[in-house]
>>> print(open('entry36.tsv').read())   # TSV, C-alpha atoms
chain	number	residue	atom	x	y	z
A	6	MET	CA	79.58	118.19	186.85
A	7	MET	CA	82.53	116.08	187.83
A	8	ASN	CA	85.83	117.79	187.42
A	9	PHE	CA	89.27	116.18	187.70
A	10	ALA	CA	90.66	119.31	189.36
A	11	THR	CA	88.01	119.51	192.09
A	12	GLN	CA	89.59	119.86	195.54
A	13	LEU	CA	87.97	116.89	197.23
A	14	PHE	CA	89.14	117.62	200.75
A	15	GLU	CA	87.92	121.19	200.97
A	16	CYS	CA	84.65	123.05	200.87
A	17	GLU	CA	83.65	126.53	201.85
A	18	HIS	CA	84.34	126.33	205.59
A	19	LEU	CA	85.74	122.83	206.16
A	20	ILE	CA	88.78	120.77	205.41
A	21	LEU	CA	89.25	117.00	205.66
A	22	THR	CA	92.61	115.99	207.07
A	23	ALA	CA	94.28	112.87	208.37
A	24	TYR	CA	93.15	111.96	211.89
A	25	ASP	CA	95.85	112.66	214.48
A	26	PRO	CA	95.43	110.21	217.40
A	27	GLU	CA	97.94	112.15	219.51
A	28	LYS	CA	95.91	115.35	219.44
A	29	ASP	CA	92.40	114.57	218.18
A	30	ALA	CA	91.61	111.60	220.43
A	31	ALA	CA	91.53	113.65	223.64
A	32	VAL	CA	89.14	116.16	222.06
A	33	GLU	CA	87.00	113.40	220.59
A	34	ALA	CA	86.78	111.68	223.98
A	35	GLY	CA	85.08	114.86	225.19
A	36	PHE	CA	82.58	114.56	222.31
A	37	THR	CA	81.47	111.14	223.60
A	38	ARG	CA	79.78	112.74	226.63
A	39	ASN	CA	77.08	113.28	224.03
A	40	LEU	CA	75.57	109.78	223.80
A	41	ASP	CA	74.43	110.34	220.20
A	42	TYR	CA	78.08	110.82	219.31
A	43	ALA	CA	79.13	107.78	221.36
A	44	TRP	CA	76.42	105.66	219.69
A	45	SER	CA	77.61	106.66	216.25
A	46	MET	CA	81.10	105.37	217.09
A	47	ASP	CA	79.81	101.89	217.88
A	48	GLN	CA	76.25	101.36	216.71
A	49	ASP	CA	76.08	97.77	217.99
A	50	GLY	CA	77.63	98.54	221.34
A	51	ILE	CA	76.30	100.28	224.42
A	52	PRO	CA	77.00	104.02	224.08
A	53	HIS	CA	78.94	105.53	226.96
A	54	PRO	CA	81.51	108.30	227.42
A	55	LEU	CA	84.99	107.10	226.47
A	56	THR	CA	88.36	108.00	227.91
A	57	ALA	CA	91.02	109.62	225.72
A	58	PHE	CA	92.96	106.35	226.04
A	59	GLU	CA	90.05	104.34	224.59
A	60	VAL	CA	89.44	106.74	221.72
A	61	LYS	CA	93.15	106.87	220.87
A	62	LYS	CA	93.37	103.06	220.88
A	63	LYS	CA	90.23	102.71	218.78
A	64	ARG	CA	91.35	105.29	216.22
A	65	GLU	CA	94.90	103.91	216.03
A	66	GLU	CA	93.45	100.47	215.32
A	67	ALA	CA	91.17	101.95	212.64
A	68	LEU	CA	94.10	103.75	210.99
A	69	LYS	CA	96.20	100.57	211.05
A	70	GLU	CA	93.37	98.55	209.52
A	71	SER	CA	92.77	101.23	206.90
A	72	GLU	CA	96.43	101.07	205.92
A	73	GLU	CA	96.65	97.29	205.88
A	74	LYS	CA	93.33	96.25	204.36
A	75	GLU	CA	92.43	99.38	202.38
A	76	SER	CA	88.75	98.70	203.02
A	77	SER	CA	88.08	101.58	205.43
A	78	LEU	CA	88.86	105.29	205.67
A	79	LEU	CA	89.06	107.80	208.50
A	80	PHE	CA	89.28	111.59	208.27
A	81	ALA	CA	89.25	114.45	210.75
A	82	ILE	CA	86.93	117.35	209.92
A	83	ARG	CA	88.46	120.73	210.73
A	84	LEU	CA	87.43	124.32	210.40
A	85	LYS	CA	89.37	125.79	207.50
A	86	GLU	CA	89.82	129.11	209.23
A	87	ASP	CA	91.80	127.90	212.26
A	88	GLY	CA	92.23	124.13	211.87
A	89	ARG	CA	90.00	123.37	214.87
A	90	PHE	CA	89.09	119.64	215.10
A	91	MET	CA	85.29	119.41	214.92
A	92	GLY	CA	84.39	115.84	214.08
A	93	VAL	CA	85.02	112.72	212.07
A	94	LEU	CA	84.15	111.31	208.69
A	95	ALA	CA	84.63	107.55	208.44
A	96	PHE	CA	83.91	104.90	205.85
A	97	PRO	CA	84.12	101.90	208.21
A	98	TRP	CA	83.88	99.24	205.53
A	99	ILE	CA	84.02	99.49	201.77
A	100	SER	CA	83.24	96.46	199.63
A	101	TRP	CA	85.33	97.08	196.55
A	102	SER	CA	83.99	94.02	194.75
A	103	ASN	CA	80.46	95.45	195.00
A	104	ARG	CA	81.45	99.15	195.05
A	105	ILE	CA	79.35	99.90	198.11
A	106	GLY	CA	80.11	101.26	201.55
A	107	GLY	CA	78.47	103.20	204.35
A	108	PHE	CA	79.80	106.29	206.12
A	109	LYS	CA	79.63	107.96	209.52
A	110	LEU	CA	79.64	111.73	209.75
A	111	ASN	CA	79.75	113.20	213.23
A	112	PHE	CA	80.35	116.59	214.73
A	113	GLY	CA	81.20	116.85	218.42
A	114	GLY	CA	79.48	120.15	219.13
A	115	GLU	CA	75.81	120.92	218.56
A	116	ALA	CA	76.54	124.34	217.10
A	117	ASP	CA	79.12	122.95	214.66
A	118	ASP	CA	76.69	120.21	213.69
A	119	ALA	CA	73.92	122.70	213.02
A	120	LEU	CA	76.18	124.96	210.99
A	121	TYR	CA	78.31	122.52	209.06
A	122	PHE	CA	76.67	119.09	208.80
A	123	GLU	CA	75.13	119.73	205.39
A	124	GLU	CA	78.32	121.20	203.98
A	125	ALA	CA	80.26	118.18	205.24
A	126	LEU	CA	77.61	115.85	203.83
A	127	ARG	CA	77.99	117.37	200.35
A	128	MET	CA	81.76	116.90	200.58
A	129	THR	CA	81.25	113.30	201.79
A	130	LEU	CA	78.95	112.34	198.93
A	131	ARG	CA	81.23	114.04	196.40
A	132	TYR	CA	84.18	112.03	197.73
A	133	ALA	CA	82.16	108.79	197.81
A	134	PHE	CA	80.94	109.10	194.26
A	135	GLU	CA	83.63	111.09	192.45
A	136	GLU	CA	86.74	109.60	194.05
A	137	LEU	CA	85.78	106.23	195.52
A	138	SER	CA	83.37	105.68	192.61
A	139	LEU	CA	80.93	103.92	194.90
A	140	PHE	CA	77.74	102.61	193.31
A	141	HIS	CA	75.78	103.36	196.48
A	142	THR	CA	76.41	104.71	199.96
A	143	HIS	CA	74.40	105.02	203.17
A	144	ILE	CA	74.45	106.21	206.75
A	145	TRP	CA	72.72	104.67	209.81
A	146	LEU	CA	70.82	106.75	212.35
A	147	GLY	CA	68.20	106.29	215.03
A	148	SER	CA	64.60	107.21	214.19
A	149	GLN	CA	64.64	109.71	217.10
A	150	ASP	CA	67.12	111.81	215.14
A	151	ASP	CA	64.70	113.89	213.07
A	152	ALA	CA	67.15	116.75	212.61
A	153	HIS	CA	69.73	114.70	210.74
A	154	LEU	CA	67.13	112.76	208.78
A	155	THR	CA	65.70	116.03	207.47
A	156	ARG	CA	69.13	117.16	206.33
A	157	LEU	CA	69.96	113.81	204.72
A	158	VAL	CA	66.69	113.83	202.79
A	159	ARG	CA	67.36	117.41	201.72
A	160	ALA	CA	70.63	116.15	200.21
A	161	GLY	CA	68.70	113.67	198.07
A	162	MET	CA	69.04	110.61	200.32
A	163	SER	CA	66.11	108.41	201.31
A	164	VAL	CA	65.23	105.88	204.02
A	165	GLU	CA	65.89	102.43	202.58
A	166	VAL	CA	65.88	100.23	205.67
A	167	ARG	CA	63.96	100.55	208.94
A	168	GLN	CA	65.12	97.99	211.50
A	169	ARG	CA	62.45	98.01	214.16
A	170	GLN	CA	63.37	98.51	217.83
A	171	MET	CA	67.09	98.47	217.12
A	172	VAL	CA	68.13	101.56	219.11
A	173	TYR	CA	67.57	102.35	222.81
A	174	ARG	CA	67.71	106.02	223.83
A	175	ASN	CA	65.88	108.22	226.31
A	176	GLY	CA	64.09	105.32	227.95
A	177	ARG	CA	62.59	103.68	224.90
A	178	LEU	CA	63.30	101.68	221.77
A	179	TRP	CA	63.58	103.38	218.39
A	180	ASP	CA	64.05	102.09	214.87
A	181	ARG	CA	67.43	102.12	213.17
A	182	LEU	CA	67.30	103.70	209.74
A	183	SER	CA	69.61	103.23	206.81
A	184	VAL	CA	69.46	106.35	204.67
A	185	GLY	CA	71.08	105.91	201.28
A	186	ILE	CA	71.69	107.26	197.82
A	187	ALA	CA	73.00	105.73	194.60
A	188	GLN	CA	75.78	107.28	192.55
A	189	GLU	CA	73.40	107.52	189.59
A	190	GLU	CA	70.90	109.59	191.62
A	191	TRP	CA	73.62	111.84	192.97
A	192	LEU	CA	75.11	112.41	189.53
A	193	GLN	CA	71.68	113.22	188.14
A	194	MET	CA	71.09	115.80	190.87
A	195	ASN	CA	74.48	117.38	190.38
A	196	LEU	CA	74.20	117.47	186.60
A	197	GLU	CA	70.95	119.32	187.04
A	198	ASP	CA	72.77	121.83	189.25
B	20	MET	CA	56.08	72.44	226.25
B	21	GLU	CA	55.84	69.85	223.47
B	22	ASN	CA	59.57	69.51	222.93
B	23	GLN	CA	61.77	69.58	226.00
B	24	ASP	CA	65.00	69.79	223.99
B	25	VAL	CA	65.26	73.36	222.75
B	26	PHE	CA	67.82	72.34	220.11
B	27	THR	CA	65.77	69.62	218.41
B	28	GLY	CA	63.19	70.28	215.70
B	29	LYS	CA	61.12	68.14	213.34
B	30	GLN	CA	63.89	67.30	210.84
B	31	VAL	CA	67.14	68.49	212.40
B	32	ARG	CA	68.91	69.26	215.65
B	33	LEU	CA	71.50	71.95	216.33
B	34	VAL	CA	74.75	70.71	217.85
B	35	ALA	CA	77.95	72.43	218.98
B	36	ALA	CA	80.67	72.04	216.38
B	37	ASP	CA	83.47	69.51	216.59
B	38	LEU	CA	85.95	72.09	215.32
B	39	GLU	CA	88.52	69.71	213.91
B	40	ALA	CA	86.09	67.47	212.02
B	41	ASP	CA	83.48	70.09	211.10
B	42	CYS	CA	85.96	72.65	209.76
B	43	LYS	CA	86.90	70.03	207.15
B	44	LEU	CA	83.23	69.92	206.17
B	45	LEU	CA	82.89	73.71	206.14
B	46	ALA	CA	86.00	74.07	203.98
B	47	GLU	CA	84.71	71.41	201.61
B	48	TRP	CA	81.30	73.08	201.24
B	49	ASP	CA	83.10	76.19	199.96
B	50	ARG	CA	83.94	74.22	196.83
B	51	ASP	CA	80.37	75.06	195.79
B	52	SER	CA	80.79	78.67	194.66
B	53	GLU	CA	77.04	79.20	194.36
B	54	TYR	CA	76.74	78.31	198.05
B	55	GLN	CA	79.44	80.88	198.86
B	56	ARG	CA	77.79	83.53	196.69
B	57	LEU	CA	74.46	83.03	198.44
B	58	LEU	CA	76.12	83.31	201.83
B	59	ASN	CA	78.58	86.15	201.40
B	60	SER	CA	78.80	89.38	199.45
B	61	GLU	CA	82.57	89.29	199.19
B	62	ARG	CA	84.55	87.36	196.61
B	63	ALA	CA	84.25	83.58	196.71
B	64	VAL	CA	87.57	82.03	197.73
B	65	ARG	CA	88.89	78.73	199.09
B	66	PHE	CA	90.26	78.35	202.61
B	67	ASN	CA	91.72	75.09	203.83
B	68	ALA	CA	90.38	73.28	206.91
B	69	ARG	CA	93.25	74.56	209.07
B	70	GLN	CA	92.52	78.20	208.14
B	71	THR	CA	88.82	77.65	208.79
B	72	GLN	CA	89.57	76.11	212.17
B	73	THR	CA	91.90	78.97	213.12
B	74	PHE	CA	89.12	81.44	212.25
B	75	PHE	CA	86.59	79.64	214.43
B	76	GLU	CA	89.03	79.19	217.32
B	77	LYS	CA	89.44	82.96	217.33
B	78	GLU	CA	85.80	83.96	216.78
B	79	ILE	CA	83.67	81.25	218.34
B	80	GLY	CA	83.66	82.93	221.76
B	81	SER	CA	81.70	85.87	220.37
B	82	MET	CA	79.06	83.79	218.58
B	83	HIS	CA	76.63	80.97	219.24
B	84	PHE	CA	77.59	78.60	216.45
B	85	PHE	CA	75.88	75.30	215.65
B	86	MET	CA	76.12	72.58	213.07
B	87	ILE	CA	72.78	71.47	211.59
B	88	GLN	CA	72.42	67.70	211.96
B	89	LYS	CA	69.69	65.57	210.37
B	90	LEU	CA	67.62	63.63	212.89
B	91	ASP	CA	67.24	60.50	210.79
B	92	ASP	CA	70.91	59.71	210.08
B	93	ASP	CA	72.94	62.25	212.16
B	94	ARG	CA	74.51	63.67	209.01
B	95	LYS	CA	75.74	67.26	209.33
B	96	ILE	CA	74.40	69.25	206.40
B	97	GLY	CA	74.84	72.91	207.33
B	98	MET	CA	75.55	75.50	209.96
B	99	VAL	CA	73.74	78.33	211.71
B	100	ASP	CA	74.93	80.97	214.12
B	101	LEU	CA	73.95	84.02	216.11
B	102	SER	CA	76.52	86.79	216.36
B	103	GLY	CA	76.82	90.56	216.66
B	104	PHE	CA	74.90	90.55	219.94
B	105	ASN	CA	73.60	93.88	221.18
B	106	TRP	CA	72.35	93.24	224.71
B	107	GLN	CA	71.09	96.79	225.17
B	108	VAL	CA	68.35	96.29	222.58
B	109	GLY	CA	68.35	92.49	222.67
B	110	ASN	CA	69.36	91.87	219.07
B	111	ALA	CA	71.56	89.34	217.31
B	112	TRP	CA	72.30	88.60	213.66
B	113	VAL	CA	71.75	85.15	212.26
B	114	GLY	CA	73.74	83.44	209.54
B	115	ILE	CA	72.64	80.12	208.07
B	116	GLY	CA	73.79	77.85	205.28
B	117	ILE	CA	72.95	74.37	204.07
B	118	GLY	CA	76.29	73.28	202.64
B	119	GLU	CA	75.10	70.01	201.15
B	120	ARG	CA	73.12	71.09	198.10
B	121	ALA	CA	71.28	67.74	197.93
B	122	TYR	CA	69.34	69.03	200.95
B	123	TRP	CA	68.39	72.45	199.56
B	124	GLY	CA	64.67	73.18	199.33
B	125	LYS	CA	63.62	70.32	201.61
B	126	GLY	CA	62.74	72.27	204.74
B	127	TYR	CA	65.92	71.58	206.72
B	128	GLY	CA	66.98	75.23	206.76
B	129	THR	CA	63.54	76.43	207.86
B	130	ASP	CA	63.48	73.83	210.63
B	131	ALA	CA	66.96	74.89	211.80
B	132	MET	CA	65.90	78.55	211.76
B	133	ARG	CA	62.81	77.78	213.85
B	134	ILE	CA	64.98	76.03	216.41
B	135	LEU	CA	67.39	78.95	216.49
B	136	LEU	CA	64.57	81.47	216.98
B	137	ARG	CA	63.14	79.40	219.83
B	138	TYR	CA	66.58	79.39	221.46
B	139	ALA	CA	67.03	83.13	220.80
B	140	PHE	CA	63.73	84.12	222.39
B	141	ILE	CA	63.13	81.63	225.20
B	142	GLU	CA	66.70	81.05	226.33
B	143	LEU	CA	68.72	84.13	225.32
B	144	ASN	CA	65.83	86.51	226.03
B	145	LEU	CA	66.45	88.47	222.82
B	146	ASN	CA	63.94	91.05	221.64
B	147	ARG	CA	64.64	90.64	217.94
B	148	VAL	CA	66.69	88.62	215.47
B	149	THR	CA	68.07	90.12	212.27
B	150	LEU	CA	69.38	88.80	208.99
B	151	ASN	CA	70.39	89.82	205.49
B	152	VAL	CA	69.53	87.92	202.34
B	153	PHE	CA	70.31	88.69	198.72
B	154	GLU	CA	67.43	89.21	196.31
B	155	ILE	CA	68.72	86.36	194.13
B	156	ASN	CA	68.27	83.92	197.03
B	157	GLN	CA	64.51	83.48	196.66
B	158	ARG	CA	64.59	80.07	198.31
B	159	GLY	CA	66.25	81.57	201.38
B	160	LEU	CA	63.85	84.52	201.37
B	161	ARG	CA	60.81	82.20	201.35
B	162	SER	CA	62.30	80.08	204.11
B	163	TYR	CA	62.90	83.13	206.35
B	164	GLN	CA	59.37	84.39	205.70
B	165	LYS	CA	58.05	80.96	206.66
B	166	ALA	CA	60.02	81.13	209.91
B	167	GLY	CA	58.38	84.50	210.64
B	168	PHE	CA	60.89	87.12	209.45
B	169	ARG	CA	59.55	90.32	207.91
B	170	GLU	CA	61.28	92.46	205.33
B	171	GLU	CA	62.53	95.74	206.83
B	172	GLY	CA	63.98	97.32	203.70
B	173	ARG	CA	66.55	96.93	200.97
B	174	GLU	CA	69.89	98.36	200.03
B	175	PRO	CA	69.22	98.58	196.32
B	176	LYS	CA	71.47	96.64	193.93
B	177	ALA	CA	74.14	96.18	196.60
B	178	LEU	CA	75.43	92.82	195.41
B	179	LEU	CA	77.37	92.61	192.15
B	180	LYS	CA	77.87	89.07	190.88
B	181	ALA	CA	78.26	87.64	187.40
B	182	GLY	CA	77.63	91.05	185.84
B	183	ALA	CA	74.27	91.67	187.53
B	184	ARG	CA	73.21	93.62	190.60
B	185	TYR	CA	70.83	92.37	193.30
B	186	ASP	CA	69.22	94.03	196.33
B	187	LEU	CA	70.47	93.32	199.81
B	188	ILE	CA	67.29	92.60	201.79
B	189	TYR	CA	67.16	93.30	205.54
B	190	MET	CA	64.80	91.13	207.57
B	191	GLY	CA	63.88	91.01	211.23
B	192	ILE	CA	61.56	89.24	213.62
B	193	LEU	CA	60.46	90.73	216.93
B	194	ARG	CA	59.88	88.62	219.99
B	195	SER	CA	56.19	89.68	219.99
B	196	GLU	CA	55.80	88.44	216.40
B	197	TRP	CA	57.47	85.14	217.23
B	198	GLU	CA	55.21	84.69	220.24
B	199	ALA	CA	52.11	85.39	218.13
B	200	LEU	CA	53.30	82.75	215.64
B	201	GLN	CA	53.64	80.17	218.43
B	202	PHE	CA	50.13	81.00	219.58
B	203	ASP	CA	48.79	80.54	216.02
B	204	LEU	CA	50.62	77.19	215.70
B	205	LEU	CA	49.15	76.09	219.01
B	206	LYS	CA	45.64	77.04	217.85
B	207	GLU	CA	46.12	75.18	214.55
B	208	GLY	CA	47.36	72.14	216.46
B	209	SER	CA	44.39	72.05	218.82
B	210	ALA	CA	41.92	72.56	215.93
B	211	GLN	CA	43.24	69.44	214.16
>>> encode(input="entry36.tsv", output="structure tokens")
Amino acid sequence: MMNFATQLFECEHLILTAYDPEKDAAVEAGFTRNLDYAWSMDQDGIPHPLTAFEVKKKREEALKESEEKESSLLFAIRLKEDGRFMGVLAFPWISWSNRIGGFKLNFGGEADDALYFEEALRMTLRYAFEELSLFHTHIWLGSQDDAHLTRLVRAGMSVEVRQRQMVYRNGRLWDRLSVGIAQEEWLQMNLED
Amino acid sequence: MENQDVFTGKQVRLVAADLEADCKLLAEWDRDSEYQRLLNSERAVRFNARQTQTFFEKEIGSMHFFMIQKLDDDRKIGMVDLSGFNWQVGNAWVGIGIGERAYWGKGYGTDAMRILLRYAFIELNLNRVTLNVFEINQRGLRSYQKAGFREEGREPKALLKAGARYDLIYMGILRSEWEALQFDLLKEGSAQ
């Protein structure tokens, strides 16, 4: 059930905060040694490890655009316990006239991803549907990424688009999947809970 | 090869834009709000020719942009472009619009798309070409299917216009599919 008093930026182990380019960018640059993480930052570019300078510039531009155009959002994901920066939640483009927008949810470390991705996903969908009031949201991933697809499907999302041969990793082409869920479906699932 | 000029089709040719003159045309076509709604998910607005030209002067370096010109009278009736290139996988996104509504449904758009695909595959060496079309644009959907695009999925009810919601359809054509189409056309031609 939706509740006005729900703390949108917190869940059991995680907290969403503002992204701090001065501190977070250097850590995030380290995350981009993982090419899956680098790909998720620029899904139409060629993934490669980024310098702290590049990440800082990119994130500062994103924050400026978010402030000026109000059609994108960027959060840092931190561990509640000690404030450690673990990853990023971004809504790169929200179409307010259609009430739709995709998101990117990325953890830098494999262990953090395994432990906290689903918790962060629940917080993301709650924010998308309860606060942004989106009609529909989605996330893109490569078809090689079975682990995340399983977790997205477990959260009630489904593959809606399969762009053939749109991702190149590990020496071959993969499909690019858009995995989505409508607000109505999410509300239904959460009412049932 | 039957046609030595990669940019010329059966009804139209693709030409580089004359930014000053053509941006006046592009700005004028936006008067037709249905045209804008078919082309773009965001709110329909009016930009003047100067604003349109400024946009293209900034962006044209990152796209391959063409005006669609009729062969019989040289009239420019629309535009088509490839942008969002991803050279790692060999993909680009195509946008197309016939701004002069008198020429809708007469095959000009399909002809322009066929030219663009030929250019994309035999000159740019792309592996696939991608586009989006709204469910309400059935004429566009049929045209893209005719040119060889296949549906790859839908973002359900993504477009909200005039109180109704419509799917956003994703389409793509692989180089191998385009090549098979050329082979079929060649066979048909030699059988006649």
>>> interface_residues(input="entry36.tsv", of="chain B", to="chain A", cutoff="12 Å", atoms="all atoms listed in the file", output="PyMOL selection string")
chain B and resi 59-63+102-112+145-151+168-196
>>> closest_residue(input="entry36.tsv", among="B:Ser209, B:Thr129, B:Ser52, B:Ser81", to="Gly97 of chain B", atoms="all atoms listed in the file")
B:Thr129
>>> closest_residue(input="entry36.tsv", among="B:Ala166, B:Ile87, B:Glu39, B:Trp197", to="Phe140 of chain B", atoms="only C-alpha atoms")
B:Trp197
>>> atom_distance(input="entry36.tsv", atom1="atom CA of Gln70 of chain B", atom2="atom CA of Lys43 of chain B")
10.0 Å
>>> residues_around(input="entry36.tsv", residues="Trp48 of chain B", least_positions_apart="4", cutoff="12 Å", atoms="all atoms listed in the file", output="ChimeraX atom specification")
/B:41-44,52-56,58,63-68,71,95-98,116-121
>>> closest_residue(input="entry36.tsv", among="A:Ala160, A:Leu192, A:Ala31, A:Ile20", to="Ala81 of chain A", atoms="all atoms listed in the file")
A:Ile20
>>> closest_residue(input="entry36.tsv", among="A:Leu126, A:Ala119, A:Met162, A:Leu68", to="Ile82 of chain A", atoms="all atoms listed in the file")
A:Leu126
>>> atom_distance(input="entry36.tsv", atom1="atom CA of Met82 of chain B", atom2="atom CA of Ala35 of chain B")
11.4 Å
>>> atom_distance(input="entry36.tsv", atom1="atom CA of Thr73 of chain B", atom2="atom CA of Ala40 of chain B")
12.9 Å
>>> residues_around(input="entry36.tsv", residues="Glu27 of chain A", least_positions_apart="4", cutoff="12 Å", atoms="all atoms listed in the file", output="PyMOL selection string")
chain A and resi 23+31-33+57-58+60-62+64-65
>>> axis_aligned_box(input="entry36.tsv", around="segment 24-28 of chain A", padding_each_side="6 Å", output="JSON")
{"center_x": 95.5, "center_y": 112.8, "center_z": 215.7, "size_x": 16.8, "size_y": 17.1, "size_z": 19.6}
>>> residues_around(input="entry36.tsv", residues="segment 90-93 of chain B", least_positions_apart="3", cutoff="12 Å", atoms="only C-alpha atoms", output="list in words")
Phe26, Thr27, Gly28, Lys29, Gln30, Val31, Arg32, Leu33, Val34, Met86, Ile87, Ile96, Gly97, Tyr127, Asp130 and Ala131 of chain B
>>> residues_around(input="entry36.tsv", residues="Tyr42 of chain A", least_positions_apart="2", cutoff="12 Å", atoms="all atoms listed in the file", output="PyMOL selection string")
chain A and resi 33-40+44-48+51-55+92-93+109-115+118+146-147+150
>>> closest_residue(input="entry36.tsv", among="A:Leu79, A:Ala133, A:Ile144, A:Leu139", to="Leu13 of chain A", atoms="all atoms listed in the file")
A:Ala133
>>> residues_around(input="entry36.tsv", residues="Gly159 of chain B", least_positions_apart="5", cutoff="10 Å", atoms="all atoms listed in the file", output="MDAnalysis selection string")
chainID B and resid 57 115:116 123:124 128:129 152:154 164:165
>>> decode(input="entry36.tsv", residues="segment 49-65 of chain B", atoms="N, CA and C atoms", output="compact mmCIF listing (two decimals), in the first residue's frame")
# COMPACT_ATOMS: atom_id res chain seq x y z
N ASP B 49 6.47 21.95 -39.31
CA ASP B 49 6.04 21.79 -37.91
C ASP B 49 4.68 22.44 -37.63
N ARG B 50 4.21 23.22 -38.59
CA ARG B 50 2.86 23.80 -38.44
C ARG B 50 1.83 22.67 -38.36
N ASP B 51 2.15 21.56 -39.01
CA ASP B 51 1.24 20.40 -39.02
C ASP B 51 1.49 19.59 -37.74
N SER B 52 0.62 19.79 -36.75
CA SER B 52 0.88 19.16 -35.45
C SER B 52 0.77 17.64 -35.51
N GLU B 53 -0.04 17.13 -36.45
CA GLU B 53 -0.12 15.67 -36.57
C GLU B 53 1.23 15.12 -37.03
N TYR B 54 1.86 15.83 -37.94
CA TYR B 54 3.21 15.44 -38.41
C TYR B 54 4.18 15.39 -37.22
N GLN B 55 4.13 16.43 -36.39
CA GLN B 55 5.01 16.47 -35.22
C GLN B 55 4.71 15.33 -34.26
N ARG B 56 3.41 15.05 -34.06
CA ARG B 56 3.03 14.00 -33.11
C ARG B 56 3.47 12.62 -33.60
N LEU B 57 3.48 12.43 -34.92
CA LEU B 57 3.91 11.15 -35.46
C LEU B 57 5.43 10.98 -35.33
N LEU B 58 6.12 12.11 -35.32
CA LEU B 58 7.57 12.10 -35.35
C LEU B 58 8.20 12.05 -33.96
N ASN B 59 7.53 12.62 -32.98
CA ASN B 59 8.18 12.93 -31.71
C ASN B 59 7.24 12.67 -30.54
N SER B 60 7.79 12.07 -29.48
CA SER B 60 6.92 11.78 -28.33
C SER B 60 6.71 12.99 -27.44
N GLU B 61 7.60 13.96 -27.55
CA GLU B 61 7.46 15.13 -26.68
C GLU B 61 6.43 16.12 -27.23
N ARG B 62 6.15 17.14 -26.44
CA ARG B 62 5.08 18.06 -26.80
C ARG B 62 5.36 18.75 -28.15
N ALA B 63 4.31 18.89 -28.94
CA ALA B 63 4.45 19.60 -30.22
C ALA B 63 4.61 21.08 -29.93
N VAL B 64 5.62 21.70 -30.54
CA VAL B 64 5.87 23.13 -30.34
C VAL B 64 6.26 23.75 -31.69
N ARG B 65 6.42 25.04 -31.73
CA ARG B 65 6.89 25.71 -32.94
C ARG B 65 8.26 26.33 -32.70
